[in-house]
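The file model-v2.json contains JSON, C-alpha atoms:
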```json
[["chain", "number", "residue", "atom", "x", "y", "z"],
["A", 1048, "MET", "CA", 2.27, 8.33, 35.97],
["A", 1049, "THR", "CA", 2.50, 8.93, 32.21],
["A", 1050, "SER", "CA", 6.26, 9.35, 32.38],
["A", 1051, "SER", "CA", 7.13, 7.19, 35.41],
["A", 1052, "VAL", "CA", 4.62, 4.38, 36.01],
["A", 1053, "TYR", "CA", 3.26, 3.46, 32.55],
["A", 1054, "PRO", "CA", 6.68, 2.96, 30.87],
["A", 1055, "ASN", "CA", 7.79, 0.63, 33.73],
["A", 1056, "LYS", "CA", 8.44, -2.87, 32.35],
["A", 1057, "ASP", "CA", 6.53, -4.61, 35.16],
["A", 1058, "VAL", "CA", 3.53, -2.35, 34.62],
["A", 1059, "ILE", "CA", 3.69, -3.00, 30.87],
["A", 1060, "ALA", "CA", 3.76, -6.76, 31.55],
["A", 1061, "ALA", "CA", 0.80, -6.48, 33.96],
["A", 1062, "SER", "CA", -1.11, -4.31, 31.48],
["A", 1063, "LYS", "CA", -1.16, -7.23, 29.04],
["A", 1064, "GLN", "CA", -3.41, -9.14, 31.44],
["A", 1065, "VAL", "CA", -6.11, -6.43, 31.24],
["A", 1066, "VAL", "CA", -7.60, -4.00, 28.74],
["A", 1067, "ASN", "CA", -6.38, -0.44, 29.33],
["A", 1068, "ILE", "CA", -8.21, 2.79, 28.71],
["A", 1069, "PHE", "CA", -6.82, 6.30, 29.21],
["A", 1070, "CYS", "CA", -9.14, 9.23, 29.94],
["A", 1071, "ASN", "CA", -7.84, 12.80, 29.85],
["A", 1072, "LYS", "CA", -9.84, 15.73, 28.51],
["A", 1073, "GLU", "CA", -6.78, 17.87, 27.73],
["A", 1074, "ASP", "CA", -6.32, 18.21, 23.98],
["A", 1075, "SER", "CA", -3.14, 20.28, 23.96],
["A", 1076, "HIS", "CA", -0.49, 17.55, 24.12],
["A", 1077, "GLY", "CA", 0.44, 17.94, 20.47],
["A", 1078, "THR", "CA", 1.60, 15.02, 18.37],
["A", 1079, "LYS", "CA", 4.81, 13.05, 18.02],
["A", 1080, "LYS", "CA", 5.92, 11.05, 14.99],
["A", 1081, "TYR", "CA", 6.97, 7.42, 15.39],
["A", 1082, "GLY", "CA", 8.09, 6.05, 12.04],
["A", 1083, "THR", "CA", 5.11, 6.59, 9.76],
["A", 1084, "GLU", "CA", 2.65, 6.92, 12.66],
["A", 1085, "GLU", "CA", 1.74, 10.01, 14.65],
["A", 1086, "TRP", "CA", 0.42, 9.81, 18.22],
["A", 1087, "CYS", "CA", -0.40, 12.04, 21.19],
["A", 1088, "ALA", "CA", 2.95, 13.42, 22.41],
["A", 1089, "ASP", "CA", 2.24, 12.14, 25.95],
["A", 1090, "ASN", "CA", 0.71, 8.74, 25.14],
["A", 1091, "TYR", "CA", 2.28, 6.43, 22.58],
["A", 1092, "GLY", "CA", -0.33, 4.55, 20.55],
["A", 1093, "LEU", "CA", -3.18, 6.92, 21.38],
["A", 1094, "LYS", "CA", -4.50, 10.10, 19.78],
["A", 1095, "CYS", "CA", -5.53, 13.12, 21.88],
["A", 1096, "GLU", "CA", -9.02, 13.00, 20.36],
["A", 1097, "ASP", "CA", -9.44, 9.46, 21.73],
["A", 1098, "HIS", "CA", -8.44, 10.15, 25.35],
["A", 1099, "VAL", "CA", -10.51, 13.36, 25.27],
["A", 1100, "LYS", "CA", -13.55, 11.44, 23.98],
["A", 1101, "ASN", "CA", -13.07, 8.64, 26.55],
["A", 1102, "HIS", "CA", -13.11, 11.02, 29.53],
["A", 1103, "PRO", "CA", -16.75, 12.17, 29.70],
["A", 1104, "GLU", "CA", -18.29, 8.87, 28.55],
["A", 1105, "LYS", "CA", -18.08, 7.17, 31.96],
["A", 1106, "SER", "CA", -16.87, 9.91, 34.32],
["A", 1107, "ASN", "CA", -20.39, 10.64, 35.62],
["A", 1108, "LYS", "CA", -20.74, 6.99, 36.55],
["A", 1109, "HIS", "CA", -17.29, 6.69, 38.09],
["A", 1110, "PHE", "CA", -17.45, 10.05, 39.93],
["A", 1111, "PRO", "CA", -21.11, 10.61, 40.86],
["A", 1112, "LYS", "CA", -20.22, 13.51, 43.18],
["A", 1113, "GLY", "CA", -18.80, 15.40, 40.21],
["A", 1114, "THR", "CA", -15.24, 15.95, 41.48],
["A", 1115, "ILE", "CA", -12.58, 13.90, 39.70],
["A", 1116, "PRO", "CA", -9.45, 13.49, 41.82],
["A", 1117, "ASN", "CA", -6.33, 13.53, 39.67],
["A", 1118, "PRO", "CA", -5.12, 10.94, 38.94],
["A", 1119, "THR", "CA", -7.56, 8.13, 39.67],
["A", 1120, "THR", "CA", -6.99, 4.51, 38.68],
["A", 1121, "ILE", "CA", -9.90, 2.06, 38.57],
["A", 1122, "LEU", "CA", -10.11, -1.64, 37.76],
["A", 1123, "LEU", "CA", -13.47, -2.84, 36.43],
["A", 1124, "THR", "CA", -15.02, -6.24, 35.71],
["A", 1125, "PRO", "CA", -14.84, -7.26, 32.01],
["A", 1126, "ASP", "CA", -18.34, -5.89, 31.31],
["A", 1127, "GLY", "CA", -17.23, -2.50, 32.67],
["A", 1128, "GLU", "CA", -20.08, -2.46, 35.18],
["A", 1129, "THR", "CA", -18.53, -3.26, 38.56],
["A", 1130, "GLU", "CA", -15.57, -1.70, 40.29],
["A", 1131, "MET", "CA", -12.96, -4.12, 41.59],
["A", 1132, "TRP", "CA", -10.36, -1.63, 42.84],
["A", 1133, "ARG", "CA", -9.79, 2.10, 42.99],
["A", 1134, "LYS", "CA", -6.82, 4.30, 43.82],
["A", 1135, "THR", "CA", -7.17, 8.03, 44.25],
["A", 1136, "GLY", "CA", -3.87, 9.80, 43.68],
["A", 1137, "LYS", "CA", -0.79, 8.35, 42.06],
["A", 1138, "ALA", "CA", -0.65, 4.57, 41.98],
["A", 1139, "GLU", "CA", 2.94, 3.38, 42.22],
["A", 1140, "GLY", "CA", 4.10, 0.67, 39.81],
["A", 1141, "LYS", "CA", 4.13, -2.19, 42.31],
["A", 1142, "GLU", "CA", 0.79, -1.15, 43.77],
["A", 1143, "LEU", "CA", -0.80, -1.13, 40.31],
["A", 1144, "CYS", "CA", 0.81, -4.48, 39.35],
["A", 1145, "ASP", "CA", -0.45, -6.10, 42.59],
["A", 1146, "ALA", "CA", -3.96, -4.72, 42.08],
["A", 1147, "ILE", "CA", -4.07, -6.00, 38.50],
["A", 1148, "LYS", "CA", -2.80, -9.41, 39.61],
["A", 1149, "GLU", "CA", -5.54, -9.65, 42.25],
["A", 1150, "ALA", "CA", -8.29, -8.49, 39.84],
["A", 1151, "VAL", "CA", -7.15, -11.00, 37.20],
["A", 1152, "LYS", "CA", -7.22, -13.77, 39.79],
["A", 1153, "LYS", "CA", -10.78, -12.83, 40.83],
["A", 1154, "THR", "CA", -11.93, -12.68, 37.19],
["A", 1155, "GLY", "CA", -10.70, -16.19, 36.36],
["A", 1156, "ALA", "CA", -9.01, -17.58, 33.26],
["A", 1157, "GLY", "CA", -8.55, -14.96, 30.57],
["A", 1158, "ILE", "CA", -6.58, -14.36, 27.39],
["A", 1159, "GLY", "CA", -3.36, -12.32, 27.56],
["A", 1160, "ARG", "CA", -2.86, -9.39, 25.20],
["A", 1161, "ASP", "CA", -0.16, -11.10, 23.09],
["A", 1162, "GLU", "CA", -2.19, -14.29, 22.64],
["A", 1163, "TYR", "CA", -5.30, -12.27, 21.79],
["A", 1164, "LYS", "CA", -3.31, -10.24, 19.24],
["A", 1165, "PHE", "CA", -2.05, -13.47, 17.64],
["A", 1166, "MET", "CA", -5.58, -14.86, 17.41],
["A", 1167, "THR", "CA", -7.25, -11.70, 16.11],
["A", 1168, "GLU", "CA", -4.53, -11.21, 13.48],
["A", 1169, "LYS", "CA", -4.84, -14.83, 12.32],
["A", 1170, "LEU", "CA", -8.63, -14.58, 12.14],
["A", 1171, "ALA", "CA", -8.39, -11.32, 10.18],
["A", 1172, "LYS", "CA", -5.88, -13.00, 7.84],
["A", 1173, "ALA", "CA", -8.29, -15.92, 7.41],
["A", 1174, "GLU", "CA", -11.16, -13.55, 6.63],
["A", 1175, "GLU", "CA", -9.08, -11.76, 4.01],
["A", 1176, "ALA", "CA", -7.82, -15.02, 2.50],
["A", 1177, "PHE", "CA", -11.30, -16.58, 2.18],
["A", 1178, "GLY", "CA", -12.62, -13.32, 0.72],
["A", 1179, "GLY", "CA", -9.76, -13.22, -1.79],
["A", 1180, "ASN", "CA", -10.26, -16.89, -2.77],
["A", 1181, "LYS", "CA", -6.97, -17.94, -1.13],
["A", 1182, "VAL", "CA", -8.70, -20.82, 0.61],
["A", 1183, "LYS", "CA", -5.49, -22.70, 1.56],
["A", 1184, "ASP", "CA", -4.19, -19.64, 3.44],
["A", 1185, "GLY", "CA", -7.53, -19.16, 5.17],
["A", 1186, "ILE", "CA", -7.62, -22.78, 6.35],
["A", 1187, "ALA", "CA", -4.01, -22.55, 7.55],
["A", 1188, "ALA", "CA", -4.69, -19.36, 9.54],
["A", 1189, "CYS", "CA", -7.75, -20.89, 11.24],
["A", 1190, "ASN", "CA", -5.84, -24.06, 12.02],
["A", 1191, "ASP", "CA", -3.02, -21.97, 13.57],
["A", 1192, "VAL", "CA", -5.54, -20.54, 16.05],
["A", 1193, "ILE", "CA", -7.12, -23.92, 16.80],
["A", 1194, "LYS", "CA", -3.82, -25.83, 17.15],
["A", 1195, "THR", "CA", -2.09, -23.14, 19.22],
["A", 1196, "PHE", "CA", -4.90, -22.31, 21.63],
["A", 1197, "GLY", "CA", -7.30, -25.25, 21.36],
["A", 1198, "LYS", "CA", -6.54, -26.36, 24.91],
["A", 1199, "MET", "CA", -6.89, -22.90, 26.49],
["A", 1200, "PRO", "CA", -10.40, -22.74, 28.03],
["A", 1201, "ALA", "CA", -10.51, -18.93, 27.90],
["A", 1202, "ALA", "CA", -9.83, -19.03, 24.15],
["A", 1203, "LYS", "CA", -13.07, -20.92, 23.44],
["A", 1204, "PRO", "CA", -14.90, -17.96, 21.80],
["A", 1205, "MET", "CA", -11.94, -17.36, 19.46],
["A", 1206, "ILE", "CA", -11.62, -21.08, 18.67],
["A", 1207, "GLU", "CA", -15.33, -21.13, 17.84],
["A", 1208, "LYS", "CA", -14.82, -18.22, 15.46],
["A", 1209, "ALA", "CA", -12.04, -20.13, 13.67],
["A", 1210, "GLU", "CA", -14.15, -23.31, 13.55],
["A", 1211, "LYS", "CA", -17.10, -21.36, 12.15],
["A", 1212, "LYS", "CA", -14.92, -20.02, 9.35],
["A", 1213, "LEU", "CA", -13.76, -23.57, 8.52],
["A", 1214, "ASP", "CA", -17.39, -24.81, 8.61],
["A", 1215, "THR", "CA", -18.40, -22.07, 6.17],
["A", 1216, "ALA", "CA", -15.54, -23.02, 3.83],
["A", 1217, "ASN", "CA", -16.47, -26.70, 4.11],
["A", 1218, "GLU", "CA", -20.10, -25.87, 3.33],
["A", 1219, "TYR", "CA", -19.03, -23.93, 0.22],
["A", 1220, "GLY", "CA", -16.84, -26.86, -0.86],
["A", 1221, "ARG", "CA", -19.83, -29.22, -0.53],
["A", 1222, "GLU", "CA", -22.00, -26.88, -2.59],
["A", 1223, "GLN", "CA", -19.35, -27.02, -5.31],
["A", 1224, "ILE", "CA", -19.34, -30.84, -5.15],
["A", 1225, "ALA", "CA", -23.14, -30.79, -5.61],
["A", 1226, "LYS", "CA", -22.63, -28.50, -8.61],
["A", 1227, "SER", "CA", -20.07, -30.93, -10.05],
["A", 1228, "LYS", "CA", -22.63, -33.75, -9.73],
["A", 1229, "GLU", "CA", -25.13, -31.74, -11.75],
["A", 1230, "LEU", "CA", -22.52, -31.22, -14.47],
["A", 1231, "SER", "CA", -21.65, -34.90, -14.44],
["A", 1232, "THR", "CA", -25.31, -35.91, -14.72],
["A", 1233, "GLY", "CA", -25.64, -33.53, -17.67],
["A", 1234, "GLY", "CA", -22.66, -35.20, -19.35],
["A", 1235, "ASP", "CA", -20.03, -32.53, -18.66],
["A", 1236, "ILE", "CA", -17.52, -34.87, -17.07],
["A", 1237, "GLU", "CA", -14.52, -32.59, -17.66],
["A", 1238, "GLY", "CA", -16.34, -29.63, -16.05],
["A", 1239, "ALA", "CA", -17.27, -31.77, -13.04],
["A", 1240, "LYS", "CA", -13.70, -33.03, -12.75],
["A", 1241, "ALA", "CA", -12.26, -29.52, -12.81],
["A", 1242, "ILE", "CA", -14.47, -28.45, -9.89],
["A", 1243, "LEU", "CA", -13.68, -31.57, -7.86],
["A", 1244, "LYS", "CA", -9.95, -31.17, -8.49],
["A", 1245, "GLU", "CA", -10.06, -27.62, -7.21],
["A", 1246, "ILE", "CA", -11.98, -28.58, -4.06],
["A", 1247, "TYR", "CA", -9.71, -31.55, -3.42],
["A", 1248, "ALA", "CA", -6.52, -29.52, -3.80],
["A", 1249, "ASN", "CA", -7.46, -26.26, -2.07],
["A", 1250, "TYR", "CA", -9.70, -27.45, 0.76],
["A", 1251, "LYS", "CA", -7.28, -30.02, 2.23],
["A", 1252, "GLY", "CA", -7.89, -30.58, 5.92],
["A", 1253, "LEU", "CA", -11.65, -30.16, 5.48],
["A", 1254, "ASP", "CA", -14.12, -33.01, 4.94],
["A", 1255, "CYS", "CA", -15.16, -31.63, 1.55],
["A", 1256, "SER", "CA", -11.64, -32.26, 0.21],
["A", 1257, "LYS", "CA", -11.87, -35.99, 1.01],
["A", 1258, "GLU", "CA", -15.41, -36.09, -0.40],
["A", 1259, "ALA", "CA", -14.19, -34.43, -3.61],
["A", 1260, "GLU", "CA", -11.45, -37.06, -3.90],
["A", 1261, "LYS", "CA", -14.03, -39.87, -3.65],
["A", 1262, "GLU", "CA", -16.34, -38.20, -6.16],
["A", 1263, "MET", "CA", -13.44, -37.82, -8.60],
["A", 1264, "ALA", "CA", -12.68, -41.53, -8.37],
["A", 1265, "ALA", "CA", -16.34, -42.30, -9.01],
["A", 1266, "LEU", "CA", -16.64, -40.07, -12.09],
["A", 1267, "PRO", "CA", -17.37, -41.91, -15.35],
["A", 1268, "LYS", "CA", -14.58, -41.53, -17.87],
["A", 1269, "ALA", "CA", -15.07, -38.74, -20.39],
["A", 1270, "LYS", "CA", -15.78, -39.91, -23.91],
["B", 1029, "MET", "CA", 26.25, 29.86, -16.95],
["B", 1030, "ASN", "CA", 24.71, 31.99, -14.15],
["B", 1031, "ARG", "CA", 21.30, 30.97, -15.38],
["B", 1032, "PHE", "CA", 21.95, 27.44, -14.06],
["B", 1033, "VAL", "CA", 24.26, 28.05, -11.13],
["B", 1034, "LEU", "CA", 22.18, 30.68, -9.31],
["B", 1035, "PRO", "CA", 18.98, 28.61, -8.88],
["B", 1036, "VAL", "CA", 21.06, 25.67, -7.63],
["B", 1037, "LEU", "CA", 22.83, 27.90, -5.09],
["B", 1038, "ALA", "CA", 19.51, 29.37, -3.98],
["B", 1039, "LEU", "CA", 18.06, 25.89, -3.45],
["B", 1040, "ALA", "CA", 21.12, 24.78, -1.46],
["B", 1041, "ALA", "CA", 20.92, 27.89, 0.74],
["B", 1042, "THR", "CA", 17.21, 27.31, 1.42],
["B", 1043, "ALA", "CA", 17.86, 23.69, 2.39],
["B", 1044, "ALA", "CA", 20.70, 24.74, 4.73],
["B", 1045, "LEU", "CA", 18.53, 27.38, 6.43],
["B", 1046, "ALA", "CA", 15.61, 24.96, 6.88],
["B", 1047, "GLY", "CA", 17.88, 22.54, 8.81],
["B", 1048, "PRO", "CA", 17.40, 18.80, 8.99],
["B", 1049, "PRO", "CA", 13.80, 17.49, 8.79],
["B", 1050, "ASP", "CA", 12.15, 16.41, 12.09],
["B", 1051, "LYS", "CA", 13.36, 12.92, 12.91],
["B", 1052, "PRO", "CA", 10.59, 10.51, 13.96],
["B", 1053, "ALA", "CA", 10.93, 9.31, 17.57],
["B", 1054, "LYS", "CA", 12.03, 5.76, 18.24],
["B", 1055, "VAL", "CA", 9.11, 3.33, 18.48],
["B", 1056, "PRO", "CA", 9.18, 1.88, 22.03],
["B", 1057, "ALA", "CA", 10.10, -1.81, 22.16],
["B", 1058, "ASP", "CA", 7.03, -2.42, 24.31],
["B", 1059, "SER", "CA", 4.34, -0.22, 25.81],
["B", 1060, "ILE", "CA", 0.87, -0.24, 27.34],
["B", 1061, "LYS", "CA", -1.71, -0.73, 24.62],
["B", 1062, "TRP", "CA", -4.54, 1.76, 25.22],
["B", 1063, "ALA", "CA", -7.99, 1.03, 23.81],
["B", 1064, "THR", "CA", -9.20, 3.88, 21.63],
["B", 1065, "SER", "CA", -12.80, 3.79, 22.89],
["B", 1066, "TRP", "CA", -14.98, 2.41, 25.66],
["B", 1067, "ASP", "CA", -16.82, 0.22, 23.14],
["B", 1068, "GLU", "CA", -13.52, -1.34, 22.04],
["B", 1069, "ALA", "CA", -12.36, -1.76, 25.65],
["B", 1070, "ILE", "CA", -15.53, -3.51, 26.85],
["B", 1071, "ARG", "CA", -15.84, -5.71, 23.76],
["B", 1072, "GLU", "CA", -12.21, -6.84, 24.04],
["B", 1073, "ALA", "CA", -12.36, -7.31, 27.84],
["B", 1074, "LYS", "CA", -15.46, -9.50, 27.51],
["B", 1075, "GLU", "CA", -13.92, -11.52, 24.68],
["B", 1076, "ARG", "CA", -10.69, -12.02, 26.65],
["B", 1077, "ASN", "CA", -12.42, -12.27, 30.05],
["B", 1078, "VAL", "CA", -10.06, -9.77, 31.65],
["B", 1079, "PRO", "CA", -10.57, -6.70, 33.86],
["B", 1080, "ILE", "CA", -10.51, -3.15, 32.49],
["B", 1081, "HIS", "CA", -7.82, -0.79, 33.80],
["B", 1082, "VAL", "CA", -9.09, 2.79, 33.66],
["B", 1083, "ALA", "CA", -6.68, 5.71, 34.06],
["B", 1084, "TYR", "CA", -8.22, 9.14, 34.70],
["B", 1085, "HIS", "CA", -5.75, 11.99, 34.33],
["B", 1086, "LYS", "CA", -5.67, 15.75, 34.19],
["B", 1087, "ASP", "CA", -2.60, 17.73, 33.16],
["B", 1088, "ASN", "CA", -1.05, 19.97, 35.82]]
```

Would you put the structure from the file into structure tokens?
Amino acid sequence: MTSSVYPNKDVIAASKQVVNIFCNKEDSHGTKKYGTEEWCADNYGLKCEDHVKNHPEKSNKHFPKGTIPNPTTILLTPDGETEMWRKTGKAEGKELCDAIKEAVKKTGAGIGRDEYKFMTEKLAKAEEAFGGNKVKDGIAACNDVIKTFGKMPAAKPMIEKAEKKLDTANEYGREQIAKSKELSTGGDIEGAKAILKEIYANYKGLDCSKEAEKEMAALPKAK
Amino acid sequence: MNRFVLPVLALAATAALAGPPDKPAKVPADSIKWATSWDEAIREAKERNVPIHVAYHKDN
């Protein structure tokens, strides 16, 4: 299957509708270089140590009688607890694609691999941008996730993650506005203005930006 | 003169004997993405609400 079924384009397309895990306790495949990366010579994108480690973790559960027919393909529910389909012996490409299609249908609306990759990369970019004080980039990355997948019901948990990041940024912006008010009350009008300008300019799209704009207009003129 | 020429010739000969360096294989245009662990697989499957495809293999 490693050389015939898994490289098949229809199988690759079907594999994007599930999460795939490879279990093989052989550690003698050697490695192969791909550009700057090095993977198991038999399994692109995986290291021997990973497929060796994956094998014993669930094999007792999946093969309670102890014998593991080779190969065996199993489809599980998303929590990994319940078997939806099993094939002992080689699963042909079409057979595997059909089984995946049926399991996906039974599971209900889900997120495809490419969409999930897009969302996780954007959220990671947002995390990095907020951490590095590149607030504009962080807001843009979160908005990309919300605008692109906002109407996809299965994407709700990812949308909520993006919204939470925006809420946190908005909260920080409001804290800065409160700080600017303290400065203004103490007579430091220029200091207050500088903070409000920064929040207005860098937090656009969030409520705190509009609030900063109003506060700026309401500032007394510096003497 | 030999002081400079000989080391250069020796280096060239060594390089010729060693042959070309191993060329990295071509990165496939698309492939199955395998999770590296069960924890990763279950976390991602739950987050995406998709089944888990498990492949048990043993080399012949």

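Distance-wise, CA of Lys1134 (chain A) and CA of Thr1120 (chain A) end up 5.1 Å apart.
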
Quiz item: So how many Å separate CA of Ala1173 (chain A) and CA of Ala1187 (chain A), to one decimal?
Solution: 7.9 Å

Exercise. Pick out the residues sitting within 10 Å of region 1051-1059 of chain B, and hand them over as an MDAnalysis selection string; count only C-alpha atoms, and ignore anything fewer than 4 positions along from it in its own chain.
Key: chainID A and resid 1053:1056 1058:1060 1062:1063 1079:1085 1090:1092

Self-check item: d(CA of Pro1116 (chain A), CA of Lys1152 (chain A)) in Å
Solution: 27.4 Å

Quick one: 5 Å padding each side, axis-aligned, all listed atoms of region 1223-1228 of chain A - centre and edge lengths in Å to one decimal, as AutoDock Vina command-line options?
```
--center_x -21.2 --center_y -30.4 --center_z -7.6 --size_x 13.8 --size_y 16.7 --size_z 14.9
```

Quiz item: Skipping near chain neighbours, those fewer than 6 positions away, what residues fall within 7 Å of Lys1086 (chain B) using all atoms listed in the file, listed as a ChimeraX atom specification?
Solution: /A:1071,1073,1117-1118

Using only C-alpha atoms, what table do you get, as JSON lines, when you list each residue of chain B with an atom no more than 8 Å from chain A, its nearest pair of atoms, and their distance in Å rounded to one decimal, rows by chain then rising number?
```
{"residue": "B:Lys1051", "atom": "CA", "partner": "A:Lys1080", "partner_atom": "CA", "distance": 7.9}
{"residue": "B:Pro1052", "atom": "CA", "partner": "A:Lys1080", "partner_atom": "CA", "distance": 4.8}
{"residue": "B:Ala1053", "atom": "CA", "partner": "A:Tyr1081", "partner_atom": "CA", "distance": 4.9}
{"residue": "B:Lys1054", "atom": "CA", "partner": "A:Tyr1081", "partner_atom": "CA", "distance": 6.0}
{"residue": "B:Val1055", "atom": "CA", "partner": "A:Tyr1081", "partner_atom": "CA", "distance": 5.6}
{"residue": "B:Asp1058", "atom": "CA", "partner": "A:Ile1059", "partner_atom": "CA", "distance": 7.4}
{"residue": "B:Ser1059", "atom": "CA", "partner": "A:Ile1059", "partner_atom": "CA", "distance": 5.8}
{"residue": "B:Ile1060", "atom": "CA", "partner": "A:Ile1059", "partner_atom": "CA", "distance": 5.3}
{"residue": "B:Lys1061", "atom": "CA", "partner": "A:Asn1067", "partner_atom": "CA", "distance": 6.6}
{"residue": "B:Trp1062", "atom": "CA", "partner": "A:Asn1067", "partner_atom": "CA", "distance": 5.0}
{"residue": "B:Ala1063", "atom": "CA", "partner": "A:Ile1068", "partner_atom": "CA", "distance": 5.2}
{"residue": "B:Thr1064", "atom": "CA", "partner": "A:Asp1097", "partner_atom": "CA", "distance": 5.6}
{"residue": "B:Ser1065", "atom": "CA", "partner": "A:Asn1101", "partner_atom": "CA", "distance": 6.1}
{"residue": "B:Trp1066", "atom": "CA", "partner": "A:Asn1101", "partner_atom": "CA", "distance": 6.6}
{"residue": "B:Ala1069", "atom": "CA", "partner": "A:Val1066", "partner_atom": "CA", "distance": 6.1}
{"residue": "B:Ile1070", "atom": "CA", "partner": "A:Asp1126", "partner_atom": "CA", "distance": 5.8}
{"residue": "B:Arg1071", "atom": "CA", "partner": "A:Asp1126", "partner_atom": "CA", "distance": 8.0}
{"residue": "B:Glu1072", "atom": "CA", "partner": "A:Val1066", "partner_atom": "CA", "distance": 7.2}
{"residue": "B:Ala1073", "atom": "CA", "partner": "A:Pro1125", "partner_atom": "CA", "distance": 4.9}
{"residue": "B:Lys1074", "atom": "CA", "partner": "A:Pro1125", "partner_atom": "CA", "distance": 5.1}
{"residue": "B:Glu1075", "atom": "CA", "partner": "A:Pro1204", "partner_atom": "CA", "distance": 7.1}
{"residue": "B:Arg1076", "atom": "CA", "partner": "A:Ile1158", "partner_atom": "CA", "distance": 4.8}
{"residue": "B:Asn1077", "atom": "CA", "partner": "A:Gly1157", "partner_atom": "CA", "distance": 4.7}
{"residue": "B:Val1078", "atom": "CA", "partner": "A:Val1065", "partner_atom": "CA", "distance": 5.2}
{"residue": "B:Pro1079", "atom": "CA", "partner": "A:Pro1125", "partner_atom": "CA", "distance": 4.7}
{"residue": "B:Ile1080", "atom": "CA", "partner": "A:Val1066", "partner_atom": "CA", "distance": 4.8}
{"residue": "B:His1081", "atom": "CA", "partner": "A:Leu1122", "partner_atom": "CA", "distance": 4.7}
{"residue": "B:Val1082", "atom": "CA", "partner": "A:Ile1068", "partner_atom": "CA", "distance": 5.0}
{"residue": "B:Ala1083", "atom": "CA", "partner": "A:Thr1120", "partner_atom": "CA", "distance": 4.8}
{"residue": "B:Tyr1084", "atom": "CA", "partner": "A:Cys1070", "partner_atom": "CA", "distance": 4.8}
{"residue": "B:His1085", "atom": "CA", "partner": "A:Pro1118", "partner_atom": "CA", "distance": 4.8}
{"residue": "B:Lys1086", "atom": "CA", "partner": "A:Asn1071", "partner_atom": "CA", "distance": 5.7}
{"residue": "B:Asp1087", "atom": "CA", "partner": "A:Glu1073", "partner_atom": "CA", "distance": 6.9}
```

Quiz item: Can you tell me, as a list in words, what residues are no more than 9 Å from Lys1172 (chain A) when counting all atoms listed in the file, ignoring any on the same chain fewer than 3 positions away?
Solution: Thr1167, Glu1168, Lys1169, Glu1175, Ala1176, Phe1177, Asp1184, Gly1185, Ala1188 and Cys1189 of chain A

Can you complete the atoms of region 1069-1073 of chain B to all heavy atoms and list them as a PDB file, in the frame of the given file?
```
ATOM      1  N   ALA B1069     -12.882  -1.213  24.389  1.00  0.00           N
ATOM      2  CA  ALA B1069     -12.360  -1.760  25.650  1.00  0.00           C
ATOM      3  C   ALA B1069     -13.287  -2.835  26.211  1.00  0.00           C
ATOM      4  O   ALA B1069     -12.825  -3.924  26.590  1.00  0.00           O
ATOM      5  CB  ALA B1069     -12.191  -0.624  26.666  1.00  0.00           C
ATOM      6  N   ILE B1070     -14.580  -2.552  26.251  1.00  0.00           N
ATOM      7  CA  ILE B1070     -15.530  -3.510  26.850  1.00  0.00           C
ATOM      8  C   ILE B1070     -15.671  -4.758  25.968  1.00  0.00           C
ATOM      9  O   ILE B1070     -15.679  -5.885  26.472  1.00  0.00           O
ATOM     10  CB  ILE B1070     -16.894  -2.826  27.115  1.00  0.00           C
ATOM     11  CG1 ILE B1070     -16.712  -1.766  28.213  1.00  0.00           C
ATOM     12  CG2 ILE B1070     -17.960  -3.840  27.529  1.00  0.00           C
ATOM     13  CD1 ILE B1070     -17.901  -0.856  28.441  1.00  0.00           C
ATOM     14  N   ARG B1071     -15.726  -4.550  24.663  1.00  0.00           N
ATOM     15  CA  ARG B1071     -15.840  -5.710  23.760  1.00  0.00           C
ATOM     16  C   ARG B1071     -14.633  -6.631  23.920  1.00  0.00           C
ATOM     17  O   ARG B1071     -14.766  -7.850  24.072  1.00  0.00           O
ATOM     18  CB  ARG B1071     -15.958  -5.239  22.297  1.00  0.00           C
ATOM     19  CG  ARG B1071     -16.159  -6.358  21.302  1.00  0.00           C
ATOM     20  CD  ARG B1071     -16.041  -5.885  19.854  1.00  0.00           C
ATOM     21  NE  ARG B1071     -14.901  -5.023  19.597  1.00  0.00           N
ATOM     22  CZ  ARG B1071     -13.652  -5.442  19.521  1.00  0.00           C
ATOM     23  NH1 ARG B1071     -13.378  -6.724  19.678  1.00  0.00           N
ATOM     24  NH2 ARG B1071     -12.675  -4.606  19.276  1.00  0.00           N
ATOM     25  N   GLU B1072     -13.429  -6.034  23.919  1.00  0.00           N
ATOM     26  CA  GLU B1072     -12.210  -6.840  24.040  1.00  0.00           C
ATOM     27  C   GLU B1072     -12.112  -7.498  25.426  1.00  0.00           C
ATOM     28  O   GLU B1072     -11.736  -8.667  25.540  1.00  0.00           O
ATOM     29  CB  GLU B1072     -10.967  -5.987  23.769  1.00  0.00           C
ATOM     30  CG  GLU B1072      -9.686  -6.816  23.771  1.00  0.00           C
ATOM     31  CD  GLU B1072      -8.422  -6.008  23.496  1.00  0.00           C
ATOM     32  OE1 GLU B1072      -8.453  -5.079  22.667  1.00  0.00           O
ATOM     33  OE2 GLU B1072      -7.386  -6.322  24.122  1.00  0.00           O
ATOM     34  N   ALA B1073     -12.457  -6.757  26.470  1.00  0.00           N
ATOM     35  CA  ALA B1073     -12.360  -7.310  27.840  1.00  0.00           C
ATOM     36  C   ALA B1073     -13.299  -8.496  28.004  1.00  0.00           C
ATOM     37  O   ALA B1073     -12.938  -9.498  28.631  1.00  0.00           O
ATOM     38  CB  ALA B1073     -12.671  -6.227  28.858  1.00  0.00           C
TER      39      ALA B1073
END
```
